[in-house]
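Working notes, beginning with the structure itself.
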Amino acid sequence: MDQSSHEGKRALITGITGQDGSYLAELLLDKGYSVWGMVRRHSSRALTRIDHLVPSIMSESPRLELVHGDLRDSGSLLKILRRVRPDEIYNLAAQSDVKVSFDLPEYTADVTGLGPLRLLEAIRELDLPARFFQASSSEMFGKVQDQLQNELTRLHPRSPYGSAKAFAFHTTRNYREAYGLFAVNGIMFNHESPRRGESFVTRKISLAAARIHHGLQENLSLGNLEAQRDWGFAGDYMEGAWRMLQADKPNDYVLATGESHSVREVCELVFQEIGQPITWQGHGLDEVGVGPDGRKLVVVHPEFYRPSEVDTLRGDSTRARSELGWAPAVSFTELVQMMVRSDLEQAEQEANRADIASR
Ligand code: NDP
Ligand code: GDR
């Protein structure tokens with residue numbers, strides 16, 4: 001698709017400061033869209049992931065504008081939609097941390113569950129002819145029976161986050177059926193990148209390994225090493241989100257690679273990439289990952305277990321592949337290598353700063 005075909009189109013991204021928001025903003029700006037990003041008020045600057053896009057605000061006709069709003073505040077959503085009148089709305093904002101959702105269940109339900117409902121109501125209230133993308137999650141499948149999960153798989157969430165996403169999923173579908181909105185769910189399996197939040201397991205592992213490599217950290221504490229996920233690259237998934245809103249008809253689509261790997265495998269690959277392959281010793285909470293020189297590089301800690309776990313996920317994205325022509329471009333190994341490379345650079349900078357500070 002060439003850039004000129006999208007010039008003049010207006011997109012609103014909620015969650016633009018997050019991992020996915022930053023990739024989507026790049027993608028849409030590249031296609032010629034004018035982009036509005038909804039941001040929350042922070043006491044300090046929170047635009048790290050989109051800083052490189054922000055200079056265009058200073059230009060004469062900025063194509064990226066940031067507006068203050070919050071998914072918990074219906075008034076702010078109405079105001080933004082009235083002002084921006086977007087052609088496409090990508091709802092990426094959420095309290096997206098599954099572990100945190102056990103500590104903040106009501107807050108998670110409010111932001112992640114009711115937030116999309118507030119947006120959909122505002123679209124309906126204003127009679128806006130906008131297309132709406134909801135960032136739905138494989139976490140909704142939870143306790144799975146089938147080897148592969150697709151758009152027809154039964155939902156059995158295992159966390160307050162998964163339950164909130166399931167509510168938003170059904171709400172999005174209901175607004176499509178009840179009011180004829182072009183509202184779609186992208187049922188996205190885990191997707192990662194060098195911009196992934198540092199508490200999510202892939203990034204936690206790659207950053208810790210890089211810091212261990214540069215002598216900034218002793219070891220890495222993890223929870224359930226056996227959990228299996230279908231991990232892809234965030235940039236590929238945002239391409240899929242965009243394609244869903246370009247389709248002739250609204251529908252729900254799974255985005256996944258179709259491959260799954262365990263947390264243990266991620267660890268093994270990451271430590272191999274930094275030149276310190278690990279071997280496992282012990283069992284359960286006593287298990288450790290030992291480096292070539294006998295140092296304990298990975299330890300297991302009960303703090304990182306969840307009250308109920310999603311053991312294994314693997315997605316079947318046949319519908320997206322055949323109807324949208326979508327396919328992930330980055331493999332699991334390439335993804336891990338990309339993250340390790342980036343975190344080695346970050347850790348090297350941290351080591352240099354620590355060195356200068358100690359002089
Ligand atoms: P992040 O956690 O990186 O980003 C979340 C974004 O939501 C941030 O911009 C955050 O803003 C914003 N946000 C949080 N609370 C509110 C609120 N009350 N009002 C407005 N904005 C808010 O998530 P990802 O980029 O990884 O994920 C994007 C979406 O996709 C999320 O909805 C997530 O649940 C979903 N998803 C993600 C998958 C993944 O593997 N990454 C897989 C499946 C679904 P701030 O910077 O101010 O905190
Ligand atoms: P997830 O991602 O819960 O799938 O949600 P996360 O990376 O947090 O966990 C994946 C699996 O790893 C296990 N695990 C650990 N997880 C973390 N965070 N920290 C640890 O120390 C650790 N040790 C083991 C977890 O138990 C889990 O099984 C992500 C989020 O992006 C959601 O917003 C999104 O909807 C889903 O992916 C699909």
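Each chain of the structure tokens is named A, B, ... in the order shown, its residues numbered from 1; ligands are numbered from 1 in display order.
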Open item on the list: To check your reading of the model: which residues sit at most 6 Å from ligand 1 when counting only C-alpha atoms and all ligand atoms? Write the answer as a list of chain:residue names.
Closed with: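 What falls inside 6 Å of ligand 1 is A:Thr14, A:Gly15, A:Ile16, A:Thr17, A:Gly18, A:Gln19, A:Asp20, A:Gly21, A:Arg40, A:Ala46, A:Asp70, A:Leu71, A:Arg72, A:Leu92, A:Ala93, A:Ala94, A:Gln95, A:Ser96, A:Val111, A:Ala135, A:Ser136, A:Ser137, A:Met188, A:Phe189, A:Asn190, A:His191, A:Gly197.
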Kindly save the residues from that selection, with N, CA and C atoms included, as a tab-separated table (two decimals), in the first residue's frame.
```tsv
chain	number	residue	atom	x	y	z
A	14	THR	N	-4.80	4.94	21.65
A	14	THR	CA	-4.68	5.00	23.11
A	14	THR	C	-3.55	4.03	23.47
A	15	GLY	N	-2.78	4.38	24.50
A	15	GLY	CA	-1.64	3.52	24.85
A	15	GLY	C	-0.44	3.76	23.95
A	16	ILE	N	-0.34	4.96	23.40
A	16	ILE	CA	0.75	5.25	22.44
A	16	ILE	C	2.13	5.21	23.11
A	17	THR	N	2.17	5.42	24.43
A	17	THR	CA	3.47	5.41	25.12
A	17	THR	C	3.95	3.98	25.43
A	18	GLY	N	3.11	2.99	25.18
A	18	GLY	CA	3.48	1.60	25.47
A	18	GLY	C	4.29	0.99	24.33
A	19	GLN	N	4.66	-0.27	24.52
A	19	GLN	CA	5.44	-0.98	23.48
A	19	GLN	C	4.73	-0.92	22.13
A	20	ASP	N	3.48	-1.41	22.10
A	20	ASP	CA	2.78	-1.53	20.82
A	20	ASP	C	2.46	-0.16	20.22
A	21	GLY	N	2.08	0.77	21.10
A	21	GLY	CA	1.71	2.11	20.64
A	21	GLY	C	2.84	2.75	19.86
A	40	ARG	N	-1.56	9.82	29.39
A	40	ARG	CA	-1.98	10.16	30.75
A	40	ARG	C	-1.06	11.21	31.31
A	46	ALA	N	7.11	10.64	30.35
A	46	ALA	CA	6.94	9.20	30.15
A	46	ALA	C	6.84	8.86	28.66
A	70	ASP	N	-7.73	9.65	29.68
A	70	ASP	CA	-7.58	8.46	30.52
A	70	ASP	C	-8.78	7.55	30.27
A	71	LEU	N	-8.53	6.25	30.16
A	71	LEU	CA	-9.63	5.31	29.91
A	71	LEU	C	-10.62	5.25	31.06
A	72	ARG	N	-10.23	5.79	32.22
A	72	ARG	CA	-11.15	5.78	33.36
A	72	ARG	C	-12.05	7.01	33.37
A	92	LEU	N	-5.16	0.49	22.52
A	92	LEU	CA	-4.05	-0.33	23.03
A	92	LEU	C	-3.85	-0.10	24.53
A	93	ALA	N	-4.49	0.91	25.08
A	93	ALA	CA	-4.25	1.22	26.50
A	93	ALA	C	-4.84	0.14	27.39
A	94	ALA	N	-4.11	-0.19	28.44
A	94	ALA	CA	-4.60	-1.17	29.42
A	94	ALA	C	-3.66	-1.22	30.60
A	95	GLN	N	-4.15	-1.71	31.73
A	95	GLN	CA	-3.26	-2.21	32.78
A	95	GLN	C	-2.93	-3.59	32.26
A	96	SER	N	-1.74	-3.76	31.71
A	96	SER	CA	-1.47	-4.95	30.88
A	96	SER	C	-0.63	-6.02	31.59
A	111	VAL	N	-9.86	-0.24	34.14
A	111	VAL	CA	-9.11	0.27	32.98
A	111	VAL	C	-9.24	-0.68	31.78
A	135	ALA	N	-7.41	-4.27	21.47
A	135	ALA	CA	-6.26	-5.16	21.71
A	135	ALA	C	-6.68	-6.27	22.66
A	136	SER	N	-7.23	-7.33	22.08
A	136	SER	CA	-7.62	-8.48	22.90
A	136	SER	C	-6.42	-9.41	23.06
A	137	SER	N	-6.57	-10.37	23.97
A	137	SER	CA	-5.38	-11.12	24.39
A	137	SER	C	-5.60	-12.63	24.46
A	188	MET	N	-4.42	-11.15	20.28
A	188	MET	CA	-2.97	-11.21	20.07
A	188	MET	C	-2.30	-12.09	21.11
A	189	PHE	N	-1.45	-12.99	20.62
A	189	PHE	CA	-0.61	-13.79	21.51
A	189	PHE	C	0.60	-12.92	21.88
A	190	ASN	N	1.38	-13.40	22.85
A	190	ASN	CA	2.49	-12.58	23.38
A	190	ASN	C	3.38	-12.04	22.25
A	191	HIS	N	3.66	-10.75	22.32
A	191	HIS	CA	4.61	-10.19	21.36
A	191	HIS	C	5.55	-9.23	22.08
A	197	GLY	N	8.17	-3.83	28.09
A	197	GLY	CA	8.30	-3.43	29.48
A	197	GLY	C	9.23	-4.38	30.23
```
Select from chain A every residue with an atom at most 8 Å from any atom of ligand 2, then for each give the shortest pair of atoms and their distance in Å to one decimal, using only C-alpha atoms and all ligand atoms, rows by chain and rising number, as CSV.
```
residue,atom,partner,partner_atom_place_in_ligand_line,distance
A:Ala94,CA,ligand 2,33 (O),7.9
A:Gln95,CA,ligand 2,33 (O),7.6
A:Ser96,CA,ligand 2,33 (O),3.9
A:Asp97,CA,ligand 2,33 (O),5.4
A:Val98,CA,ligand 2,3 (O),4.9
A:Lys99,CA,ligand 2,8 (O),6.7
A:Ser136,CA,ligand 2,35 (O),7.0
A:Ser137,CA,ligand 2,35 (O),4.4
A:Ser138,CA,ligand 2,38 (C),5.0
A:Glu139,CA,ligand 2,38 (C),5.1
A:Tyr161,CA,ligand 2,33 (O),7.8
A:Gly162,CA,ligand 2,35 (O),7.5
A:Met188,CA,ligand 2,38 (C),6.4
A:Phe189,CA,ligand 2,38 (C),4.7
A:Asn190,CA,ligand 2,38 (C),4.1
A:His191,CA,ligand 2,37 (O),7.0
A:Ser199,CA,ligand 2,18 (N),5.3
A:Phe200,CA,ligand 2,7 (O),3.7
A:Val201,CA,ligand 2,7 (O),3.8
A:Thr202,CA,ligand 2,7 (O),6.0
A:Arg203,CA,ligand 2,7 (O),7.8
A:Lys204,CA,ligand 2,19 (N),6.9
A:Ser221,CA,ligand 2,21 (O),6.2
A:Leu222,CA,ligand 2,21 (O),3.7
A:Gly223,CA,ligand 2,23 (N),3.4
A:Asn224,CA,ligand 2,24 (C),4.1
A:Leu225,CA,ligand 2,24 (C),5.4
A:Glu226,CA,ligand 2,28 (O),7.8
A:Ala227,CA,ligand 2,28 (O),4.6
A:Gln228,CA,ligand 2,28 (O),6.7
A:Arg229,CA,ligand 2,4 (O),6.8
A:Val263,CA,ligand 2,12 (O),5.9
A:Phe304,CA,ligand 2,21 (O),4.9
A:Tyr305,CA,ligand 2,26 (O),5.7
A:Arg306,CA,ligand 2,26 (O),6.1
A:Glu309,CA,ligand 2,28 (O),6.1
A:Val310,CA,ligand 2,28 (O),5.8
A:Asp311,CA,ligand 2,28 (O),6.2
A:Thr312,CA,ligand 2,28 (O),7.7
```
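In this model, the gap between atom CA of A:Ala11 and atom CA of A:Tyr33 comes to 6.8 Å.
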Once you count only C-alpha atoms, what closest atom pair and distance in Å to one decimal does each residue of stretch 66-157 of chain A within 9 Å of stretch 163-178 of chain A have, with rows by chain and rising residue number, as a Markdown table?
```
| residue | atom | partner | partner_atom | distance |
| --- | --- | --- | --- | --- |
| A:Pro105 | CA | A:Ala164 | CA | 9.0 |
| A:Thr108 | CA | A:Ala164 | CA | 7.0 |
| A:Ala109 | CA | A:Ala164 | CA | 5.0 |
| A:Asp110 | CA | A:Ala164 | CA | 8.1 |
| A:Val111 | CA | A:Ala164 | CA | 8.5 |
| A:Thr112 | CA | A:Ala164 | CA | 5.7 |
| A:Gly113 | CA | A:Ala164 | CA | 4.2 |
| A:Leu114 | CA | A:Ala168 | CA | 7.0 |
| A:Gly115 | CA | A:Ala168 | CA | 8.1 |
| A:Pro116 | CA | A:Ala168 | CA | 6.1 |
| A:Leu117 | CA | A:Thr171 | CA | 6.6 |
| A:Leu120 | CA | A:Tyr175 | CA | 7.3 |
| A:Glu121 | CA | A:Tyr175 | CA | 8.7 |
| A:Arg124 | CA | A:Tyr175 | CA | 8.8 |
| A:Phe132 | CA | A:Thr172 | CA | 8.6 |
| A:Phe133 | CA | A:Thr172 | CA | 8.7 |
| A:Gln134 | CA | A:Thr172 | CA | 7.2 |
| A:Ala135 | CA | A:Lys165 | CA | 8.5 |
| A:Ser136 | CA | A:Lys165 | CA | 6.1 |
| A:Ser137 | CA | A:Lys165 | CA | 6.7 |
| A:Glu139 | CA | A:Lys165 | CA | 8.0 |
| A:Met140 | CA | A:Ala166 | CA | 5.6 |
| A:Phe141 | CA | A:Ala166 | CA | 8.8 |
| A:Leu155 | CA | A:Ala166 | CA | 7.5 |
| A:His156 | CA | A:Ser163 | CA | 8.3 |
| A:Pro157 | CA | A:Ser163 | CA | 5.4 |
```
Open item on the list: So that I can check the surroundings of A:Val340, please list as a PyMOL selection string every protein, DNA and RNA residue that reaches within 12 Å of it, counting only C-alpha atoms and ignoring chain neighbours fewer than 6 positions away.
Closed with: chain A and resi 192-195+202-211+213+266-267+269-275+333-334+346-348
